[in-house]
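Enquirer: Here you go, query_3.pdb (PDB, C-alpha atoms):
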ATOM      1  CA  MET O  22     -52.616 -34.361 -44.663
ATOM      2  CA  GLN O  23     -52.617 -30.692 -45.670
ATOM      3  CA  TYR O  24     -51.162 -27.929 -43.550
ATOM      4  CA  ASN O  25     -51.824 -24.231 -43.219
ATOM      5  CA  ARG O  26     -48.839 -21.965 -42.569
ATOM      6  CA  VAL O  27     -48.985 -19.671 -39.569
ATOM      7  CA  ASN O  28     -46.372 -17.657 -37.674
ATOM      8  CA  ASP O  29     -45.428 -18.760 -34.175
ATOM      9  CA  THR O  30     -44.463 -16.320 -31.427
ATOM     10  CA  LEU O  31     -40.912 -16.000 -32.810
ATOM     11  CA  GLY O  32     -42.081 -15.297 -36.356
ATOM     12  CA  TRP O  33     -41.158 -18.757 -37.715
ATOM     13  CA  GLN O  34     -43.488 -20.351 -40.216
ATOM     14  CA  VAL O  35     -45.103 -23.430 -38.692
ATOM     15  CA  ALA O  36     -47.428 -25.989 -40.232
ATOM     16  CA  LYS O  37     -50.865 -26.626 -38.743
ATOM     17  CA  PRO O  38     -52.964 -29.616 -39.951
ATOM     18  CA  ALA O  39     -55.832 -28.799 -42.326
ATOM     19  CA  ALA O  40     -57.526 -30.871 -45.073
ATOM     20  CA  ARG O  41     -56.083 -33.430 -47.573
ATOM     21  CA  CYS O  42     -53.340 -32.707 -50.121
ATOM     22  CA  SER O  43     -50.755 -34.455 -52.321
ATOM     23  CA  VAL O  44     -47.501 -35.979 -51.041
ATOM     24  CA  ASN O  45     -45.399 -33.142 -52.509
ATOM     25  CA  ALA O  46     -47.652 -30.493 -50.994
ATOM     26  CA  GLU O  47     -47.606 -32.311 -47.650
ATOM     27  CA  ARG O  48     -43.798 -32.479 -47.671
ATOM     28  CA  THR O  49     -43.564 -28.806 -48.642
ATOM     29  CA  ALA O  50     -45.905 -27.869 -45.797
ATOM     30  CA  THR O  51     -43.816 -29.880 -43.339
ATOM     31  CA  LEU O  52     -40.665 -28.133 -44.517
ATOM     32  CA  MET O  53     -42.351 -24.795 -43.925
ATOM     33  CA  ALA O  54     -41.953 -25.458 -40.215
ATOM     34  CA  ARG O  55     -38.194 -25.384 -40.834
ATOM     35  CA  ARG O  56     -37.909 -22.589 -43.401
ATOM     36  CA  GLN O  57     -39.559 -19.221 -43.553
ATOM     37  CA  GLU O  58     -41.743 -18.734 -46.612
ATOM     38  CA  HIS O  59     -39.374 -16.472 -48.587
ATOM     39  CA  HIS O  60     -36.535 -18.953 -47.988
ATOM     40  CA  GLN O  61     -38.775 -21.818 -49.122
ATOM     41  CA  GLN O  62     -39.664 -19.959 -52.321
ATOM     42  CA  LYS O  63     -35.985 -19.264 -52.997
ATOM     43  CA  HIS O  64     -35.211 -22.949 -52.297
ATOM     44  CA  ASP O  65     -37.939 -24.212 -54.635
ATOM     45  CA  ALA O  66     -36.889 -21.794 -57.403
ATOM     46  CA  LYS O  67     -33.305 -23.087 -57.187
ATOM     47  CA  VAL O  68     -34.519 -26.723 -57.256
ATOM     48  CA  ARG O  69     -36.587 -25.947 -60.376
ATOM     49  CA  GLN O  70     -33.632 -24.142 -62.036
ATOM     50  CA  ILE O  71     -31.294 -27.102 -61.434
ATOM     51  CA  ALA O  72     -33.921 -29.661 -62.503
ATOM     52  CA  LEU O  73     -34.582 -27.815 -65.773
ATOM     53  CA  GLY O  74     -30.846 -27.548 -66.453
ATOM     54  CA  LEU O  75     -30.370 -31.281 -65.897
ATOM     55  CA  GLU O  76     -33.310 -32.045 -68.204
ATOM     56  CA  ARG O  77     -31.738 -29.866 -70.930
ATOM     57  CA  GLU O  78     -28.569 -31.963 -70.541
ATOM     58  CA  GLY O  79     -30.571 -35.161 -71.120
ATOM     59  CA  TRP O  80     -30.998 -36.336 -67.522
ATOM     60  CA  SER O  81     -34.210 -38.015 -66.371
ATOM     61  CA  VAL O  82     -35.206 -35.914 -63.351
ATOM     62  CA  GLN O  83     -37.342 -36.480 -60.276
ATOM     63  CA  ALA O  84     -37.664 -33.482 -57.971
ATOM     64  CA  ASP O  85     -39.336 -32.787 -54.644
ATOM     65  CA  ILE O  86     -41.329 -29.829 -55.964
ATOM     66  CA  PRO O  87     -44.753 -29.594 -57.642
ATOM     67  CA  GLY O  88     -44.750 -30.588 -61.302
ATOM     68  CA  TYR O  89     -42.258 -33.446 -60.957
ATOM     69  CA  ASP O  90     -42.416 -37.050 -59.849
ATOM     70  CA  GLN O  91     -41.110 -37.228 -56.295
ATOM     71  CA  PRO O  92     -37.806 -39.051 -55.691
ATOM     72  CA  ASP O  93     -37.952 -42.241 -53.661
ATOM     73  CA  PRO O  94     -37.006 -41.947 -49.972
ATOM     74  CA  ILE O  95     -33.483 -43.042 -49.040
ATOM     75  CA  GLY O  96     -32.193 -44.760 -45.910
ATOM     76  CA  ALA O  97     -33.798 -45.870 -42.674
ATOM     77  CA  ASP O  98     -34.978 -42.310 -41.988
ATOM     78  CA  GLN O  99     -36.677 -42.157 -45.413
ATOM     79  CA  ARG O 100     -34.915 -38.944 -46.498
ATOM     80  CA  VAL O 101     -36.116 -37.487 -49.817
ATOM     81  CA  PRO O 102     -33.527 -35.621 -51.909
ATOM     82  CA  ASP O 103     -34.545 -32.432 -53.684
ATOM     83  CA  ILE O 104     -33.416 -33.889 -57.021
ATOM     84  CA  TRP O 105     -32.620 -37.410 -58.176
ATOM     85  CA  ALA O 106     -31.382 -37.455 -61.764
ATOM     86  CA  ARG O 107     -30.403 -40.436 -63.943
ATOM     87  CA  LYS O 108     -28.603 -40.566 -67.285
ATOM     88  CA  LYS O 109     -27.060 -43.580 -69.042
ATOM     89  CA  GLY O 110     -26.415 -45.502 -65.820
ATOM     90  CA  ALA O 111     -25.190 -42.473 -63.869
ATOM     91  CA  GLU O 112     -27.069 -41.010 -60.913
ATOM     92  CA  ARG O 113     -26.919 -37.583 -59.330
ATOM     93  CA  LEU O 114     -28.524 -36.573 -56.035
ATOM     94  CA  VAL O 115     -28.845 -32.844 -55.450
ATOM     95  CA  GLU O 116     -29.880 -31.214 -52.186
ATOM     96  CA  VAL O 117     -30.591 -27.475 -52.170
ATOM     97  CA  GLU O 118     -30.091 -25.724 -48.851
ATOM     98  CA  THR O 119     -30.782 -22.227 -47.626
ATOM     99  CA  LYS O 120     -28.293 -20.572 -45.287
ATOM    100  CA  GLY O 121     -30.473 -21.592 -42.353
ATOM    101  CA  THR O 122     -30.605 -25.300 -43.236
ATOM    102  CA  LEU O 123     -27.086 -25.846 -44.589
ATOM    103  CA  SER O 124     -25.498 -26.672 -41.236
ATOM    104  CA  ARG O 125     -28.683 -28.152 -39.749
ATOM    105  CA  ASP O 126     -29.305 -30.970 -42.241
ATOM    106  CA  THR O 127     -26.017 -32.824 -41.774
ATOM    107  CA  ASP O 128     -27.703 -36.155 -40.939
ATOM    108  CA  GLN O 129     -29.620 -35.990 -44.206
ATOM    109  CA  HIS O 130     -26.436 -35.161 -46.124
ATOM    110  CA  ALA O 131     -24.688 -38.149 -44.522
ATOM    111  CA  THR O 132     -27.562 -40.436 -45.613
ATOM    112  CA  PHE O 133     -27.276 -39.231 -49.213
ATOM    113  CA  ARG O 134     -23.463 -39.582 -49.199
ATOM    114  CA  ARG O 135     -23.748 -43.173 -47.930
ATOM    115  CA  SER O 136     -26.321 -43.965 -50.608
ATOM    116  CA  VAL O 137     -24.204 -42.715 -53.514
ATOM    117  CA  GLY O 138     -21.101 -44.285 -51.985
ATOM    118  CA  GLN O 139     -22.674 -47.711 -52.460
ATOM    119  CA  LYS O 140     -23.153 -47.187 -56.208
ATOM    120  CA  GLN O 141     -20.878 -46.779 -59.170
ATOM    121  CA  ARG O 142     -21.268 -43.617 -61.217
ATOM    122  CA  ALA O 143     -23.264 -41.793 -58.561
ATOM    123  CA  SER O 144     -22.662 -38.379 -57.012
ATOM    124  CA  PHE O 145     -24.159 -36.155 -54.350
ATOM    125  CA  VAL O 146     -24.054 -32.354 -54.561
ATOM    126  CA  ILE O 147     -25.228 -29.689 -52.127
ATOM    127  CA  GLU O 148     -26.270 -26.404 -53.761
ATOM    128  CA  GLU O 149     -27.029 -23.219 -51.851
ATOM    129  CA  ALA O 150     -30.237 -21.366 -52.721
TER     130      ALA O 150
END
Go ahead and render the structure in this file as C-alpha cells.

Expert:
Amino acid sequence: MQYNRVNDTLGWQVAKPAARCSVNAERTATLMARRQEHHQQKHDAKVRQIALGLEREGWSVQADIPGYDQPDPIGADQRVPDIWARKKGAERLVEVETKGTLSRDTDQHATFRRSVGQKQRASFVIEEA
C-alpha cells in the first residue's frame, strides 16, 4: 500500500493510504508517521553513507532504503534493521536514529541485540543521523 504524507494538527508528518508501491516505499511511508520529513531525509542519507562505506570495505550490504535489497525482518515483531551487512562469516546490524527516535525505539534495539547475541561474530551498532 502506498501512502501520501500530510501534516496533522500538531505539524507531524502522517501517512495516509493511497495507491500501490514497493515494500521499501511502504516502510518509508509508515516511518514518516514517526519522523518529520527533514529528519527522514537526514536518516536516509546517513543510512546510505554507512551502507556505501561498508560496501567499500567489502561487506555485502542490505539496507532499508531505495536502491538496496531490504534486510529480512527479525524477531516476533518483525523488526527490520536499517542495515544488515555480511562479510566472511561476520554480521553487522546497524540502526540509524534521529534525536527524536533514539530513546523511543528501545524495544527494536533490544530485538536486534538479542538477535546478534545468539550468533558468533555478529554486532549491533546504533548510529545517530

Enquirer: For this structure, which residues satisfy the selection - the PyMOL selection byres ((chain O and resi 137-146) around 8) - when it is evaluated on the file as given? I want them as a list in words.

Expert: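 Applied to this file, the PyMOL selection byres ((chain O and resi 137-146) around 8) returns Gly110, Ala111, Glu112, Arg113, Leu114, Val115, Glu116, Phe133, Arg134, Arg135, Ser136, Ile147 and Glu148 of chain O.
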
Enquirer: Distance atom CA of O:Val117-atom CA of O:Val68, one decimal place?

Expert: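 If I compute the distance from atom CA of O:Val117 to atom CA of O:Val68, I get 6.5 Å.
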
Enquirer: Give, as AutoDock Vina command-line options, the centre coordinates and the x, y and z edge lengths in Å to one decimal for an axis-aligned box around all listed atoms of stretch 60-66 of chain O, padded by 6 Å on each side.

Expert:
--center_x -37.4 --center_y -21.6 --center_z -52.7 --size_x 16.5 --size_y 17.3 --size_z 21.4

Enquirer: At what distance in Å, to one decimal, does atom CA of O:Glu118 lie from atom CA of O:Asp85?

Expert: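 One can read the atom CA of O:Asp85 to atom CA of O:Glu118 distance as 13.0 Å.
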
Enquirer: Give me, please, the distance in Å between atom CA of O:Asp128 and atom CA of O:Pro87, quoted to one decimal.

Expert: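 Straight-line distance from atom CA of O:Asp128 to atom CA of O:Pro87 works out to 24.8 Å.
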
Enquirer: Taking only C-alpha atoms into account, which of O:Arg107, O:His130, O:Lys120, O:Arg125 comes nearest O:Ala72?

Expert: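 Of all the options, O:Arg107 lies closest to O:Ala72.
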
Enquirer: For a quick check of understanding, using only C-alpha atoms, which of O:Thr122, O:Gln57, O:Thr127, O:Ser81 has the smallest distance to O:Lys109?

Expert: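 Using only C-alpha atoms, the shortest distance to O:Lys109 belongs to O:Ser81.
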
Enquirer: Can you list what the PyMOL selection byres ((chain O and resi 104) around 6) grabs from this structure, as a list in words?

Expert: Gln83, Ala84, Pro102, Asp103, Trp105, Leu114 and Val115 of chain O

Enquirer: Using the chain letters and numbers from the file, give me the residues hit by the PyMOL selection byres ((chain O and resi 96) around 9), as JSON, numbers by chain.

Expert: {"O": [94, 95, 97, 98, 99, 100, 132, 133, 135, 136]}

Enquirer: Could you check the closest approach to O:Gln70 for each of O:Gly121, O:Pro92, O:Val82, O:Ala131 and tell me which residue wins, using all atoms listed in the file?

Expert: O:Val82
